[in-house]
Amino acid sequence: MQATHKSRRGKTGALLAAVLGATLLLSACNAGAGTGPQDPQRLVVALTGEPVNLDFTTTAGAAIPQAMMSNVYEGLVGVDQTGAITPLLATGWQTGADNKSYTFTLVEGATFSNGAAFDASDVKFSIERVKSDAWLNGLKSKMDVVEDVVVNSPTSVTVNLKRPSQAWLYSMTTLVGAMFDPSGVDDLASTPVGTGPYRLESWARGESINLVARPDYRGAAPGIANVTLRYFGDAIATTNALSSGDVDVIYNMQAPELLSSFESNPDYQVIEGTSNGEIVLSMNNKAKPFNDVRVRRAVLHAIDRQSVRDTAWNGLGTLVGAPVPPTDPYYEDLNAAYPFDPAKARALLKEAGAENLKVTFTVPTRPYATAVSEIVQSQLRDVGIDAKIASAEFPAVWLDKVFNRHDYQMSVVLAVEARDVLTMFNNPDYYIGYDNSKIKAEAAAADAADEANYVAGMKNVVRTIVDDAPVDTLFIFPNISVAKAGITGLGANSVTEALNLSTIAWS
């Protein structure tokens with residue numbers, strides 16, 4: 001969809017827009033950039049936050065599946081722009097009478113980019129590999145419910161579950177559902193092999209990823225044959241690149257205060273949608289002072305989430321009060337759980353014997369994190385918490401220090417995985433360190449129940465999590481893209497981690 005954006009910038013955003021907007025206009029005038037394609041079979045997409053490698057089976061983070069899923073890799077099922085599950089490598093599926101098995105009928109004629117044919121044995125291999133030690137990505141827990149995989153024929157496979165699971169089929173739309181060729185997994189970090197419409201042509205580390213359409217792809221050819229994903233160190237560089245004609249699309253724009261520079265120009269289109277991503281102010285629940293629930297609750301009362309969103313992200317995004325986006329079936333508005341109340345925050349800190357706190361606030365080098373952190377720091381200071389900002393290069397340093405080694409007190413990050421509330425909070429070894437003993441049994445019971453009881457049970461789980469205040473969900477991240485006027489087929493909503501390039505074309 002093409003959205004007409006209303007100006008909602010805060011004072012900081014307005015000043016930055018005035019200064020940098022002039023820079024953008026000047027660069028566009030100097031470049032004399034046109035909006036049509038120099039080559040209708042080529043597209044350059046600007047992104048921030050490059051992948052450290054191309055192997056999401058061993059490396060966490062959104063950058064790898066953003067580039068690889070839907071483009072190089074496919075699953076048995078996918079999701080459309082509304083979040084509905086759709087057939088992909090499976091033409092359909094049947095559920096067993098006990099709701100503990102799924103039998104998939106597979107497409108015929110699908111091949112991997114290395115030429116190997118895709119069949120049911122690859123499904124068995126791929127799912128069993130997620131459950132093996134070869135997979136290190138924490139999302140592998142989504143496959144814990146699988147009992148075994150049975151190959152019925154080259155085009156039929158049955159997945160048996162240990163118990164009924166409402167969540168499992170949706171999990172198969174994510175990166176854990178990616179299909180692999182057994183002979184193509186030796187060097188996933190630099191040589192991905194999948195059944196998708198594109199293959200990797202080249203990767204210039206620190207700069208770009210080049211994908212080319214596969215002539216042997218079983219389905220419709222992508223709208224653009226050659227796509228370059230260019231990675232920029234900051235949001236301003238991406239907007240300058242679009243203005244100068246160096247790129248054709250900015251996906252998931254990280255400088256919303258500069259939207260007005262493009263909204264008023266008919267050569268561009270601003271596409272505004274929603275996402276699964278939660279901006280999470282995370283606290284290490286196993287480390288002082290945040291191992292005390294009173295301190296965590298004090299932080300939530302100290303933060304004016306609407307002010308954070310309005311000032312840091314131009315009023316864009318959705319306030320939810322819990323780590324669940326409105327697109328999830330068990331969403332409910334929990335903003336009232338922790339109203340902005342500095343006096344209550346101070347009282348809780350006093351009760352906990354934690355007045356005049358000093359904490360380290362480890363902030364990844366991402367535009368949203370930088371913008372959010374300064375406002376959060378100021379609001380915490382008002383209640384007696386001195387949060388010293390320590391910048392951590394993202395993704396490599398942040399992933400190692402915060403996510404892997406849990407060496408932090410407080411941080412902020414965009415959690416983009418779909419339906420990830422249990423990934424974050426039903427695992428005490430996750431970097432947040434939340435004690436999941438209160439929710440473990442109810443989460444399992446909800447997943448094994450019928451749809452109505454699944455939704456009801458998960459709502460109770462989320463309320464318990466919110467009561468324990470392990471994190472503060474500041475807002476749901478909007479999905480804003482800016483593209484040249486001739487671009488079509490760019491999805492407005494970010495419903496999975498993947499950026500599907502195959503639907504994009506020049507008009």
# chains A, B, ... in the order shown; residues from 1 in each chain; ligands from 1

$ residues_around --residues "Tyr170 in chain A" --least-positions-apart "3" --cutoff "12 Å" --atoms "only C-alpha atoms" --output "ChimeraX atom specification"
/A:75-80,83-87,142-143,165-167,173-177,328-329,417-420,447,495-496

$ atom_distance --atom1 "CA of Leu316 in chain A" --atom2 "CA of Ala505 in chain A"
27.3 Å

$ closest_atom_pairs --of "range 208-321 of chain A" --to "range 113-122 of chain A" --cutoff "9 Å" --atoms "only C-alpha atoms" --output "JSON lines"
{"residue": "A:Arg214", "atom": "CA", "partner": "A:Ser113", "partner_atom": "CA", "distance": 7.5}
{"residue": "A:Asp216", "atom": "CA", "partner": "A:Ser113", "partner_atom": "CA", "distance": 8.3}
{"residue": "A:Tyr217", "atom": "CA", "partner": "A:Ser113", "partner_atom": "CA", "distance": 8.4}

$ write_last_selection --atoms "N, CA, C and O atoms" --output "PDB file, in the first residue's frame"
ATOM      1  N   ARG A 214      17.182 -17.647 -10.665  1.00  0.00           N
ATOM      2  CA  ARG A 214      17.532 -18.974 -11.170  1.00  0.00           C
ATOM      3  C   ARG A 214      16.691 -19.312 -12.397  1.00  0.00           C
ATOM      4  O   ARG A 214      15.455 -19.327 -12.311  1.00  0.00           O
ATOM      5  N   ASP A 216      16.287 -22.145 -13.604  1.00  0.00           N
ATOM      6  CA  ASP A 216      15.681 -23.460 -13.407  1.00  0.00           C
ATOM      7  C   ASP A 216      14.667 -23.475 -12.274  1.00  0.00           C
ATOM      8  O   ASP A 216      14.223 -24.543 -11.834  1.00  0.00           O
ATOM      9  N   TYR A 217      14.275 -22.298 -11.777  1.00  0.00           N
ATOM     10  CA  TYR A 217      13.303 -22.259 -10.681  1.00  0.00           C
ATOM     11  C   TYR A 217      11.959 -22.790 -11.164  1.00  0.00           C
ATOM     12  O   TYR A 217      11.506 -22.489 -12.268  1.00  0.00           O
TER      13      TYR A 217
END

$ closest_atom_pairs --of "range 389-419 of chain A" --to "range 44-67 of chain A" --cutoff "12 Å" --atoms "only C-alpha atoms" --output "tab-separated table"
residue	atom	partner	partner_atom	distance
A:Glu393	CA	A:Gly49	CA	10.1
A:Phe394	CA	A:Gly49	CA	7.1
A:Pro395	CA	A:Val52	CA	7.0
A:Ala396	CA	A:Val52	CA	6.6
A:Val397	CA	A:Val52	CA	10.4
A:Trp398	CA	A:Gly61	CA	10.3
A:Leu399	CA	A:Ala60	CA	7.6
A:Asp400	CA	A:Ala60	CA	10.0
A:Val402	CA	A:Ala60	CA	11.9
A:Phe403	CA	A:Ala60	CA	8.6
A:Asn404	CA	A:Ala60	CA	9.2
A:Val413	CA	A:Gly61	CA	10.4
A:Leu414	CA	A:Ala62	CA	9.1
A:Ala415	CA	A:Ala62	CA	8.3
A:Val416	CA	A:Ala62	CA	6.7
A:Glu417	CA	A:Ala62	CA	7.7
A:Ala418	CA	A:Ala62	CA	11.0

$ residues_around --residues "Ile209 in chain A" --least-positions-apart "6" --cutoff "8 Å" --atoms "only C-alpha atoms" --output "list in words"
Leu200, Glu201, Ser202, Trp203, Thr228, Leu229 and Arg230 of chain A

$ write_last_selection --atoms "N, CA, C and O atoms" --output "PDB file, in the first residue's frame"
ATOM      1  N   LEU A 200      22.788 -17.091  -4.654  1.00  0.00           N
ATOM      2  CA  LEU A 200      23.818 -16.115  -4.320  1.00  0.00           C
ATOM      3  C   LEU A 200      24.831 -16.037  -5.460  1.00  0.00           C
ATOM      4  O   LEU A 200      25.417 -17.047  -5.845  1.00  0.00           O
ATOM      5  N   GLU A 201      25.028 -14.840  -5.984  1.00  0.00           N
ATOM      6  CA  GLU A 201      26.048 -14.636  -7.005  1.00  0.00           C
ATOM      7  C   GLU A 201      27.358 -14.185  -6.386  1.00  0.00           C
ATOM      8  O   GLU A 201      28.426 -14.674  -6.733  1.00  0.00           O
ATOM      9  N   SER A 202      27.288 -13.236  -5.460  1.00  0.00           N
ATOM     10  CA  SER A 202      28.506 -12.750  -4.808  1.00  0.00           C
ATOM     11  C   SER A 202      28.138 -12.073  -3.507  1.00  0.00           C
ATOM     12  O   SER A 202      27.001 -11.638  -3.304  1.00  0.00           O
ATOM     13  N   TRP A 203      29.134 -11.983  -2.636  1.00  0.00           N
ATOM     14  CA  TRP A 203      28.953 -11.330  -1.347  1.00  0.00           C
ATOM     15  C   TRP A 203      30.224 -10.548  -1.039  1.00  0.00           C
ATOM     16  O   TRP A 203      31.283 -11.138  -0.831  1.00  0.00           O
ATOM     17  N   THR A 228      20.668  -6.380  -5.857  1.00  0.00           N
ATOM     18  CA  THR A 228      21.781  -6.114  -4.949  1.00  0.00           C
ATOM     19  C   THR A 228      21.236  -5.560  -3.642  1.00  0.00           C
ATOM     20  O   THR A 228      20.471  -4.588  -3.644  1.00  0.00           O
ATOM     21  N   LEU A 229      21.615  -6.184  -2.544  1.00  0.00           N
ATOM     22  CA  LEU A 229      21.313  -5.664  -1.219  1.00  0.00           C
ATOM     23  C   LEU A 229      22.546  -4.908  -0.742  1.00  0.00           C
ATOM     24  O   LEU A 229      23.603  -5.508  -0.542  1.00  0.00           O
ATOM     25  N   ARG A 230      22.430  -3.605  -0.611  1.00  0.00           N
ATOM     26  CA  ARG A 230      23.565  -2.783  -0.173  1.00  0.00           C
ATOM     27  C   ARG A 230      23.385  -2.387   1.281  1.00  0.00           C
ATOM     28  O   ARG A 230      22.304  -1.939   1.690  1.00  0.00           O
TER      29      ARG A 230
END

$ select_by_dssp --residues "range 377-420 of chain A" --states "strand (DSSP E)" --output "ChimeraX atom specification"
/A:385-392,410-415

$ atom_distance --atom1 "CA of Arg346 in chain A" --atom2 "CA of Ala298 in chain A"
6.9 Å

$ closest_residue --among "A:Asp181, A:Glu147, A:Glu74, A:Glu351" --to "Val295 in chain A" --atoms "only C-alpha atoms"
A:Glu351

$ residues_around --residues "Gln94 in chain A" --least-positions-apart "6" --cutoff "8 Å" --atoms "only C-alpha atoms" --output "PyMOL selection string"
chain A and resi 102-104

$ select_by_dssp --residues "range 56-228 of chain A" --states "helix (DSSP H, G or I)" --output "NGL selection string"
:A and (63-68 or 120-130 or 138-143 or 168-171 or 175-177 or 182-184)

$ atom_distance --atom1 "CA of Pro40 in chain A" --atom2 "CA of Gly219 in chain A"
20.3 Å

$ closest_residue --among "A:Asn152, A:Thr464, A:Asn291, A:Asn252" --to "Ala235 in chain A" --atoms "only C-alpha atoms"
A:Asn252

$ closest_residue --among "A:Val421, A:Ala352, A:Leu490, A:Leu258" --to "Val324 in chain A" --atoms "only C-alpha atoms"
A:Val421
